[in-house]
Amino acid sequence: MSDDYLKAAVEIAREAGEILREEFDRPPQISYKGDVDLVTQADKRSEAAIVKRLTQYFPEHAIAAEEGTGHESASDSEFRWHIDPLDGTTNFAHGYPCFCVSIGLAQRDTVIAGVVFNPFYNELFAAARGEGATLNGKEIRVSTVATLSTSLLCTGFPVHKRLANPNIHYYWDFTLRSHGVRRDGSAALDLACVAAGRFDGFWEFGLQKWDTAAGVLLVEEAGGKVSDFSGQPYRLGGPTILATNETIHEEMRKVALDISQRDPASPLRR
Ligand code: IPD
Ligand code: CA
Ligand code: CA
């Protein structure tokens, strides 16, 4: 059954990706959702295409989509699609080709299918629960890197309320303890890269369900581990996320705990 959902999600992600690709070649049409929170014509067109197609295929399912055009509460279905029509909007608006479409399907609280598609590099990451994860049809696995000191990590910062976000402390500390920390601006692609073994660990604060639904399944199906900072299973939309190749999970978690004890702004202390 998840296979059928995955097939649909792949088809829809490719269709939305084509829209993003087309819009990327045009001068960006930007508006603002807040002080610095961008939204482009591409976010809106991509979401419209995804919502239309999902509604056509699965009229009884709920759809939670970032730009608000889904029908989240209109349904009491146990199935809910979490859609980020363009993850990496700031990159997109600046012409930096690191962005994707992210489509995840949850059955009650469990994500059962997920697709992350980067149309610029034509990289399509896909996973169905219990069936592994793939990149352009080839199986992917998390890395075998064994220690934090030899790892390549990534993280992200929210576009708004940056001052209230504690991540700069973590960024600084993890940078000194690893081969480096990348900040690529697309949480869904960050997670996909952990699944593909390109990054060994990823953490962030305050991500939304549509940012992580597909990516979390990719990491788990590629043999990695996802939790919150206290080691509890990650809940979609939870305040912290730690996704790793599993081997360095506890080491990263201990460091995060240590940093939180020094940083009064950390959510772990609230
Ligand atoms: C953002 C990206 C970014 C993350 C932000 C998200 P958007 O999503 O995933 O990497 O650090 O917290 O809001 O706004 O480009 O869809
Ligand atoms: Ca996003
Ligand atoms: Ca988005």
# chains A, B, ... in the order shown; residues from 1 in each chain; ligands from 1

call {"tool": "closest_atom_pairs", "arguments": {"of": "chain A", "to": "ligand 1", "cutoff": "9 Å", "atoms": "only C-alpha atoms and all ligand atoms", "output": "Markdown table"}}
result
| residue | atom | partner | partner_atom_place_in_ligand_line | distance |
| --- | --- | --- | --- | --- |
| A:Asp37 | CA | ligand 1 | 14 (O) | 7.1 |
| A:Leu38 | CA | ligand 1 | 14 (O) | 7.3 |
| A:Val39 | CA | ligand 1 | 14 (O) | 8.0 |
| A:Asp43 | CA | ligand 1 | 16 (O) | 8.5 |
| A:Glu66 | CA | ligand 1 | 16 (O) | 7.7 |
| A:Asp84 | CA | ligand 1 | 16 (O) | 6.3 |
| A:Pro85 | CA | ligand 1 | 16 (O) | 7.6 |
| A:Leu86 | CA | ligand 1 | 16 (O) | 5.6 |
| A:Asp87 | CA | ligand 1 | 16 (O) | 3.7 |
| A:Gly88 | CA | ligand 1 | 15 (O) | 3.3 |
| A:Thr89 | CA | ligand 1 | 15 (O) | 4.0 |
| A:Thr90 | CA | ligand 1 | 15 (O) | 5.9 |
| A:Asn91 | CA | ligand 1 | 15 (O) | 7.5 |
| A:Phe92 | CA | ligand 1 | 15 (O) | 8.4 |
| A:Phe99 | CA | ligand 1 | 15 (O) | 7.6 |
| A:Cys100 | CA | ligand 1 | 15 (O) | 8.9 |
| A:Thr155 | CA | ligand 1 | 11 (O) | 7.1 |
| A:Gly156 | CA | ligand 1 | 11 (O) | 3.7 |
| A:Phe157 | CA | ligand 1 | 11 (O) | 4.1 |
| A:Pro158 | CA | ligand 1 | 12 (O) | 3.7 |
| A:Val159 | CA | ligand 1 | 5 (C) | 5.9 |
| A:His160 | CA | ligand 1 | 13 (O) | 8.2 |
| A:Arg183 | CA | ligand 1 | 10 (O) | 7.6 |
| A:Asp184 | CA | ligand 1 | 10 (O) | 6.4 |
| A:Gly185 | CA | ligand 1 | 10 (O) | 3.5 |
| A:Ser186 | CA | ligand 1 | 10 (O) | 3.4 |
| A:Ala187 | CA | ligand 1 | 9 (O) | 3.8 |
| A:Ala188 | CA | ligand 1 | 9 (O) | 6.2 |
| A:Leu189 | CA | ligand 1 | 9 (O) | 8.1 |
| A:Asp190 | CA | ligand 1 | 10 (O) | 7.6 |
| A:Glu204 | CA | ligand 1 | 11 (O) | 7.2 |
| A:Phe205 | CA | ligand 1 | 12 (O) | 7.6 |
| A:Gly206 | CA | ligand 1 | 12 (O) | 6.9 |
| A:Leu207 | CA | ligand 1 | 12 (O) | 5.5 |
| A:Gln208 | CA | ligand 1 | 13 (O) | 7.4 |
| A:Trp210 | CA | ligand 1 | 16 (O) | 8.4 |
| A:Asp211 | CA | ligand 1 | 9 (O) | 5.8 |
| A:Thr212 | CA | ligand 1 | 9 (O) | 8.5 |

call {"tool": "residues_around", "arguments": {"residues": "Gly215 in chain A", "least_positions_apart": "6", "cutoff": "8 Å", "atoms": "only C-alpha atoms", "output": "PyMOL selection string"}}
result
chain A and resi 102+114-116+188-189+191-192

call {"tool": "residues_around", "arguments": {"residues": "Met252 in chain A", "least_positions_apart": "5", "cutoff": "9 Å", "atoms": "only C-alpha atoms", "output": "list in words"}}
result
Leu148, Phe174, Gly201, Leu242, Thr244 and Leu257 of chain A

call {"tool": "residues_around", "arguments": {"residues": "range 222-228 of chain A", "least_positions_apart": "5", "cutoff": "6 Å", "atoms": "only C-alpha atoms", "output": "PyMOL selection string"}}
result
chain A and resi 132-133+140-142+195+233-234+240-246

call {"tool": "residues_around", "arguments": {"residues": "Ile112 in chain A", "least_positions_apart": "5", "cutoff": "6 Å", "atoms": "only C-alpha atoms", "output": "mmCIF file with C-alpha atoms, in the first residue's frame"}}
result
data_model
loop_
_atom_site.group_PDB
_atom_site.id
_atom_site.type_symbol
_atom_site.label_atom_id
_atom_site.label_comp_id
_atom_site.auth_asym_id
_atom_site.auth_seq_id
_atom_site.Cartn_x
_atom_site.Cartn_y
_atom_site.Cartn_z
ATOM 1 C CA LEU A 105 2.651 10.974 4.086
ATOM 2 C CA ALA A 106 1.823 10.139 7.708
ATOM 3 C CA ALA A 128 8.525 3.773 1.966
ATOM 4 C CA ARG A 129 8.426 2.449 5.521
#

call {"tool": "select_by_dssp", "arguments": {"residues": "range 127-233 of chain A", "states": "alpha helix (DSSP H)", "output": "ChimeraX atom specification"}}
result
/A:167-177,187-195,209-221

call {"tool": "closest_residue", "arguments": {"among": "A:Ala126, A:Leu163, A:Val51, A:Val101", "to": "His71 in chain A", "atoms": "only C-alpha atoms"}}
result
A:Val51

call {"tool": "select_by_dssp", "arguments": {"residues": "range 86-192 of chain A", "states": "strand (DSSP E)", "output": "PyMOL selection string"}}
result
chain A and resi 86-87+100-107+110-118+123-128+133-135+138-139+152-155+180-182
